Structure formats: structure tokens, C-alpha cells
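Trainee: Got a structure for you, written out below as C-alpha cells; questions coming shortly.
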Amino acid sequence: MMYMMASCEEKLQELKTALLDAVTVPIGVARAVVRLENLLKDIVQSIDLNDMPYAFGARYDPGRGCLPGTQESFLRNICDILDNPDKDTPRVCLLTGVAGSGKSAVAHSIARLYDERKRLGSSFFFARADVASRNPKTLFRNIARDLSDLDPHYKSALWEVVKDSSALRTTPCPLEQLEKFIIEPSKALHPIGPLVIVIDALDESGDWDSRKVLLRTISQKIANDSLPTHLRFLITARAEEDIIAALPPGPRIVRKLMDDIPEEDVDRDIERFIQNALQQHFDFESSDLDKERCQDLVRHSQHSFQWASDACRFIDGPFSHGVYPLLRLDQILQATNTDSTGNRLLDPMYRTISSPLFTTDSQTLQRDFHVVMATILALEKPLPLASLSTLPDVDPNVQAIIDSLGSLLTGVFNEEPIRLVHTSFRDYLLDEARSGVFQ
């Protein structure tokens with residue numbers, strides 16, 4: 001196929017030369033040949049670049065950003081950092097916070113905002129449940145292909161780098177990818193204003209060992225001032241030791257904390273979120289009792305968006321054995337939050353949502369729960385429910401267990417792969433001291 005394309009390209013070039021040399025050839029015909037040549041070149045480039053493996057599904061989700069009207073001041077502050085055209089300005093904004101603090105919502109919102117402005121170079125959302133495709137070996141390939149879709153000059157420059165080497169197009173090395181796929185072709189980029197690259201949940205790119213090379217690569221290029229001057233990176237992560245050590249604040253890195261947002265602003269945004277999510281069940285506009293219930297949820301959240309999100313999914317969802325939304329709300333409020341830091345704030349909620357599976361003495365049901373959750377956590381590539389039920393040791397009637405956890409899992413009521421909504425549930429299940437009987 002590639003031989004035939006190259007042969008056609010050579011013949012077309014010969015025809016173009018002959019036509020341009022012939023004085024009597026109409027200009028319209030010559031232009032048509034030039035357009036055809038450009039089209040053929042674009043096809044050849046696309047075929048070669050499609051050899052570069054792409055992690056589908058890593059892009060931002062327009063529906064998962066901050067609720068309109070929330071986090072406005074904080075988002076503006078981040079945009080001010082990313083929009084600064086000065087070559088001496090920081091190129092990387094590192095946003096850190098505990099699980100459930102809203103980092104990913106900010107990342108989705110920033111990606112959507114710059115996509116609407118036609119200035120989103122790429123977005124890549126790591127997910128611990130999908131490390132088979134979203135990992136350090138695929139990050140810069142995705143960014144490069146996204147940039148090539150955005151800018152034809154970048155696409156041509158990238159193609160010139162990789163066109164003669166299938167090995168280079170498929171290299172798993174983050175350092176080689178960053179140098180060859182990003183830094184070198186970016187010399188052909190001349191955007192009006194910086195292009196923004198959003199990388200979410202860097203801590204979920206793998207364990208310390210698997211992300212070591214990626215962190216060293218990014219750190220080295222920042223230290224050498226090698227990152228393209230017209231690219232800006234927003235990176236979100238939990239404040240884990242290796243990430244903080246690799247990306248310390250400095251001339252090229254600015255660090256923002258979710259804790260920078262005043263608690264009263266967080267609570268106001270959580271209140272808006274709850275009112276929007278549960279408006280079909282409660283009258284938050286005119287009922288004083290419902291307003292008080294909303295405030296109770298806000299206080300119980302202890303400034304955690306993830307807590308509020310999980311609570312609303314549980315109260316609103318069709319997966320609680322016929323219990324009415326008001327009773328579900330009471331169940332959530334009766335849980336005691338004894339720790340306002342990290343994941344432990346969510347533990348009482350996880351126990352409340354999971355407890356219906358353990359209200360009986362059925363050892364079979366409990367065994368099935370353990371098998372199903374262990375399988376979901378162990379799978380390198382998530383599976384939809386229909387495929388999950390066919391695996392060895394998994395009860396074919398897995399639907400009953402999955403339904404009860406619908407507020408903590410995606411893909412429960414459609415054909416999408418089953419994934420954990422948030423990695424804090426995984427951490428909870430794997431910590432025997434916290435999950436106890438549920439482990």
C-alpha cells in the first residue's frame with residue numbers, strides 16, 4: 001500500500017512539473033494538480049501518523065467539569081497562568097489536592113474552556129482502572145497526534161521526523177517521545193497565544209516505579225528549559241512525594257493547591273451542586289426543611305466535592321433496593337465522618353452504600369462481592385457487565401451486586417466497561433483496617 005502511494009506521488013510530481021513547464025496548460029488545471037498533490041501528501045502523512053498507537057478514551061469529558069457558576073475565581077486564576085505569553089513565564093501549572101477535592105473537575109473545565117477557544121493542544125486523563133492504555137508510554141504519543149490534528153504545520157513537521165522509522169513511531173520511551181514527537185516538531189508551531197496541554201491524575205499513571213521515567217523526563221526538560229515556549233501544561237495530581245520532588249515550584253513551574261480555595265467558596269459551590277443534582281427530589285427553592293437538608297449535606301461533606309458527588313449519586317440513583325431518596329439521604333447523614341483529611345472522609349459513605357449486601361448472613365453473597373470487586377480491581381483492561389459475568393469464579397448473576405454499587409461504579413446501567421467512579425473507593429477496599437468485612 002505504501003509503495004503504491006509513493007509511486008503515485010512520484011508520478012503526480014512528474015505531471016505537476018510537466019504541466020507547470022508547459023506554457024499552454026490552463027492555470028486552472030495546474031492548480032487542480034497542485035491541490036491533488038497536497039491531498040495525496042496529507043493522506044500519506046495520515047497513514048504514517050496513524051501507526052503511532054493512540055489511547056482512545058483519554059480525552060476530557062465535557063460533562064464532567066465544574067458546575068456552571070462554580071469555581072469561577074479559581075479557574076480564572078489558572079487561566080491567567082496559562083495565558084501568559086511571556087517566554088520567561090512558567091510553562092507548567094501543577095495542581096495538587098487530596099482525593100475528592102475536585103482536581104479532575106477543574107481539569108475537565110480548563111480543557112473544555114480552551115477547546116472552545118481552539119487553543120487546547122491536547123488533554124490526557126490518566127485512570128488507574130485503565131492503565132493498559134493510559135500510561136506513561138502513551139502520554140506523549142497522544143499529545144503529538146492531537147497537536148497534529150490541530151495544526152497542519154505541526155503535522156508536517158512531525159511526519160518529517162517519523163516518516164522513515166516505524167520503530168520510532170511506536171517507541172515506548174517517554175524521553176524519546178517528548179524529544180521527537182513534541183519538542184522537535186513544535187518548532188513549526190506559531191499559534192496566536194499559548195496552546196494548553198491538560199494532564200490529569202498524574203498519580204494514577206502507575207506506581208512509583210512505572211512513572212519514574214516519565215517524571216524524570218518532564219523534570220529534566222523543565223530544568224534544561226527545553227519545553228516549547230508556546231505550550232503550557234496543566235498537570236493535576238495528589239501530592240505524592242515523587243511527584244512533588246520532580247516538579248518543585250520554580251521559574252518554570254507554579255504550584256496551585258485545591259486548599260487555596262476558601263472553604264466558604266467550596267461550600268457555596270457544593271451547595272449549588274447538590275441543589276442541581278437533587279432538584280427533582282427536593283424543593284430547595286421554597287421548602288425550609290429541604291433547604292436545611294441541603295445544608296446538612298454540605299456540612300457533612302466537609303468541603304469534599306467527591307463526598308457530595310457520591311452522596312448525590314446514591315440518593316438519586318435507582319440502585320438502593322427500592323429505598324426512597326429521603327431515606328437514602330437520612331442514611332448518608334447518619335454516617336459519622338471522623339476524619340476530615342484524605343480518603344477517610346469517604347469511608348462512612350462507602351460503608352453505607354455497600355452495607356445492603358451484608359445485611360444477611362449469606363456467605364455466598366459476601367463471597368460473590370469479594371470475587372466481583374477483586375476481579376474489577378485486578379483487570380488490566382475494564383470489561384462491560386456482559387463480559388465480566390463470563391469470567392471464571394464470577395457468579396453469572398453478578399448484576400445484583402453491581403446494581404447495589406451503582407453510585408460507585410460506571411457502566412452499571414449501560415454497555416460501558418465497569419470502572420470505579422473514583423480511585424478512593426479502590427484505596428478503601430484494599431485497606432483492611434478501613435474496609436473490614438467489605439474487603
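Convention: chains lettered A, B, ... in C-alpha cells order; per-chain residue numbering from 1; ligands numbered from 1 as shown.
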Residues within 12 Å of Lys381 (chain A), please, as an NGL selection string. Count only C-alpha atoms; anything in the same chain fewer than 5 positions from it doesn't count.

Mentor: :A and (127-134 or 375-376 or 387-388 or 417-419)

Trainee: Can you tell me which residues surround Val412 (chain A) at a distance of at most 7 Å, considering only C-alpha atoms, apart from same-chain residues fewer than 4 positions away, and format the answer as a list in words?

Mentor: Ile402, Asp403, Gly406 and Ile418 of chain A

Trainee: Identify which of the residues A:Ile315, A:Ala201, A:Leu95, A:Cys79 lies closest to Asp259 (chain A), counting only C-alpha atoms when measuring atom-to-atom distances.

Mentor: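 The closest residue to Asp259 (chain A) is A:Leu95.
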
Trainee: Select from region 221-289 of chain A everything DSSP, run on the backbone, classes as helix (DSSP H, G or I), then give the selection as an MDAnalysis selection string.

Mentor: chainID A and resid 221:223 241:246 258:260 263:277 288:289

Trainee: From the list A:Gln275, A:Thr96, A:Asn142, A:Ser166, which residue is nearest Leu297 (chain A) when using only C-alpha atoms?

Mentor: A:Gln275

Trainee: Restricting the calculation to only C-alpha atoms: of A:Leu257, A:Trp307, A:Gln279, A:Arg299, which residue gets closest to Pro325 (chain A)?

Mentor: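 Once distances to Pro325 (chain A) are computed over only C-alpha atoms, the minimum belongs to A:Gln279.
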
Trainee: I need the residue nearest Gly57 (chain A) from this list: A:Phe126, A:Pro251, A:Val394, A:Lys155. Use only C-alpha atoms for the distance.

Mentor: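 Answer, going by the shortest atom-to-atom distance: A:Phe126.
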
Trainee: How many Å separate CA of Leu231 (chain A) from CA of Trp159 (chain A)?

Mentor: 19.5 Å

Trainee: What does the distance between CA of Ser73 (chain A) and CA of Cys312 (chain A) come to in Å, to one decimal place?

Mentor: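 The value is 24.7 Å.
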
Trainee: Determine the nearest neighbour of Ser309 (chain A) from the options A:Lys180, A:Arg272, A:Arg145, A:Arg351, counting only C-alpha atoms.

Mentor: A:Arg272

Trainee: List as a ChimeraX atom specification the protein and nucleic acid residues near region 303-305 of chain A, meaning an atom at most 7 Å away when only C-alpha atoms are counted, but skip any in the same chain fewer than 4 places from it.

Mentor: /A:100-102,263,266-267,270,309

Trainee: Could you save those same residues with N, CA, C and O atoms as an mmCIF file, in the first residue's frame?

Mentor:
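Generated output (result11.cif):
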```cif
data_model
loop_
_atom_site.group_PDB
_atom_site.id
_atom_site.type_symbol
_atom_site.label_atom_id
_atom_site.label_comp_id
_atom_site.auth_asym_id
_atom_site.auth_seq_id
_atom_site.Cartn_x
_atom_site.Cartn_y
_atom_site.Cartn_z
ATOM 1 N N GLY A 100 -10.829 13.585 46.019
ATOM 2 C CA GLY A 100 -12.165 14.123 46.196
ATOM 3 C C GLY A 100 -12.231 15.623 46.327
ATOM 4 O O GLY A 100 -13.302 16.181 46.554
ATOM 5 N N SER A 101 -11.107 16.321 46.169
ATOM 6 C CA SER A 101 -11.109 17.772 46.346
ATOM 7 C C SER A 101 -11.549 18.528 45.100
ATOM 8 O O SER A 101 -11.770 19.739 45.157
ATOM 9 N N GLY A 102 -11.678 17.830 43.964
ATOM 10 C CA GLY A 102 -12.182 18.486 42.750
ATOM 11 C C GLY A 102 -11.139 18.788 41.692
ATOM 12 O O GLY A 102 -11.396 19.549 40.761
ATOM 13 N N GLU A 263 -12.722 27.908 52.118
ATOM 14 C CA GLU A 263 -13.714 26.887 52.433
ATOM 15 C C GLU A 263 -15.134 27.381 52.214
ATOM 16 O O GLU A 263 -16.012 26.606 51.799
ATOM 17 N N VAL A 266 -15.875 26.890 48.618
ATOM 18 C CA VAL A 266 -16.083 25.466 48.325
ATOM 19 C C VAL A 266 -17.479 25.042 48.762
ATOM 20 O O VAL A 266 -18.211 24.385 48.012
ATOM 21 N N ASP A 267 -17.867 25.434 49.968
ATOM 22 C CA ASP A 267 -19.186 25.046 50.479
ATOM 23 C C ASP A 267 -20.308 25.654 49.646
ATOM 24 O O ASP A 267 -21.336 25.003 49.404
ATOM 25 N N ILE A 270 -20.479 23.545 46.552
ATOM 26 C CA ILE A 270 -21.066 22.233 46.851
ATOM 27 C C ILE A 270 -22.574 22.358 47.014
ATOM 28 O O ILE A 270 -23.337 21.495 46.557
ATOM 29 N N SER A 309 -20.572 14.366 45.511
ATOM 30 C CA SER A 309 -20.930 13.681 44.272
ATOM 31 C C SER A 309 -21.411 12.264 44.543
ATOM 32 O O SER A 309 -22.447 11.826 44.019
#
```

Trainee: Skip Phe140 (chain A) itself and residues of its chain fewer than 2 positions away, then list as a ChimeraX atom specification all residues within 10 Å of it, counting only C-alpha atoms.

Mentor: /A:54,122,124,135-138,142-146,172-182,214

Trainee: For the residues selected in the previous step, produce a file with N, CA and C atoms as a CSV table (one decimal), in the first residue's frame.

Mentor:
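What follows is the written file again-v4.csv:
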```
chain,number,residue,atom,x,y,z
A,54,TYR,N,-2.6,5.1,19.7
A,54,TYR,CA,-3.3,6.2,20.4
A,54,TYR,C,-4.2,5.6,21.4
A,122,SER,N,-4.0,19.4,23.6
A,122,SER,CA,-4.4,18.0,23.9
A,122,SER,C,-4.8,17.9,25.4
A,124,PHE,N,-5.2,14.7,28.4
A,124,PHE,CA,-4.9,13.3,28.7
A,124,PHE,C,-5.2,13.0,30.1
A,135,ASN,N,-1.1,5.2,30.1
A,135,ASN,CA,0.1,5.1,31.0
A,135,ASN,C,1.2,5.9,30.4
A,136,PRO,N,2.4,6.0,31.1
A,136,PRO,CA,3.4,6.9,30.7
A,136,PRO,C,3.9,6.6,29.2
A,137,LYS,N,3.7,5.4,28.7
A,137,LYS,CA,4.2,5.1,27.4
A,137,LYS,C,3.3,5.6,26.3
A,138,THR,N,2.1,6.0,26.6
A,138,THR,CA,1.2,6.5,25.6
A,138,THR,C,0.9,8.0,25.7
A,142,ASN,N,-0.1,10.5,22.4
A,142,ASN,CA,-1.4,11.1,22.3
A,142,ASN,C,-1.4,12.6,22.0
A,143,ILE,N,-0.5,13.2,22.8
A,143,ILE,CA,-0.4,14.7,22.7
A,143,ILE,C,0.1,15.1,21.3
A,144,ALA,N,1.1,14.3,20.8
A,144,ALA,CA,1.6,14.6,19.5
A,144,ALA,C,0.5,14.5,18.4
A,145,ARG,N,-0.3,13.4,18.5
A,145,ARG,CA,-1.3,13.2,17.4
A,145,ARG,C,-2.4,14.2,17.6
A,146,ASP,N,-2.7,14.6,18.8
A,146,ASP,CA,-3.7,15.7,19.0
A,146,ASP,C,-3.2,17.0,18.4
A,172,PRO,N,8.2,3.1,23.0
A,172,PRO,CA,7.5,3.3,24.3
A,172,PRO,C,8.3,4.3,25.3
A,173,CYS,N,9.4,4.8,24.8
A,173,CYS,CA,10.2,5.6,25.7
A,173,CYS,C,9.7,7.0,25.9
A,174,PRO,N,9.3,7.5,27.1
A,174,PRO,CA,8.8,8.8,27.2
A,174,PRO,C,9.8,9.9,26.8
A,175,LEU,N,11.0,9.7,27.1
A,175,LEU,CA,12.1,10.7,26.8
A,175,LEU,C,12.2,10.9,25.3
A,176,GLU,N,12.2,9.8,24.6
A,176,GLU,CA,12.3,9.9,23.1
A,176,GLU,C,11.1,10.5,22.5
A,177,GLN,N,9.9,10.1,23.1
A,177,GLN,CA,8.7,10.6,22.6
A,177,GLN,C,8.6,12.2,22.8
A,178,LEU,N,9.0,12.6,24.0
A,178,LEU,CA,8.9,14.1,24.2
A,178,LEU,C,9.9,14.8,23.3
A,179,GLU,N,11.0,14.3,23.1
A,179,GLU,CA,12.0,15.0,22.3
A,179,GLU,C,11.6,15.0,20.8
A,180,LYS,N,11.2,13.8,20.3
A,180,LYS,CA,11.0,13.6,18.9
A,180,LYS,C,9.5,14.0,18.5
A,181,PHE,N,8.6,13.8,19.3
A,181,PHE,CA,7.2,14.0,19.0
A,181,PHE,C,6.7,15.3,19.4
A,182,ILE,N,7.3,15.9,20.4
A,182,ILE,CA,6.7,17.2,20.9
A,182,ILE,C,7.7,18.4,20.7
A,214,LEU,N,8.9,8.8,33.4
A,214,LEU,CA,8.1,9.9,33.0
A,214,LEU,C,8.4,11.1,33.8
```

Trainee: Please extract the residues of region 41-220 of chain A with a backbone DSSP assignment of strand (DSSP E or B) and present them as a ChimeraX atom specification.

Mentor: /A:92-96,120-125,195-200
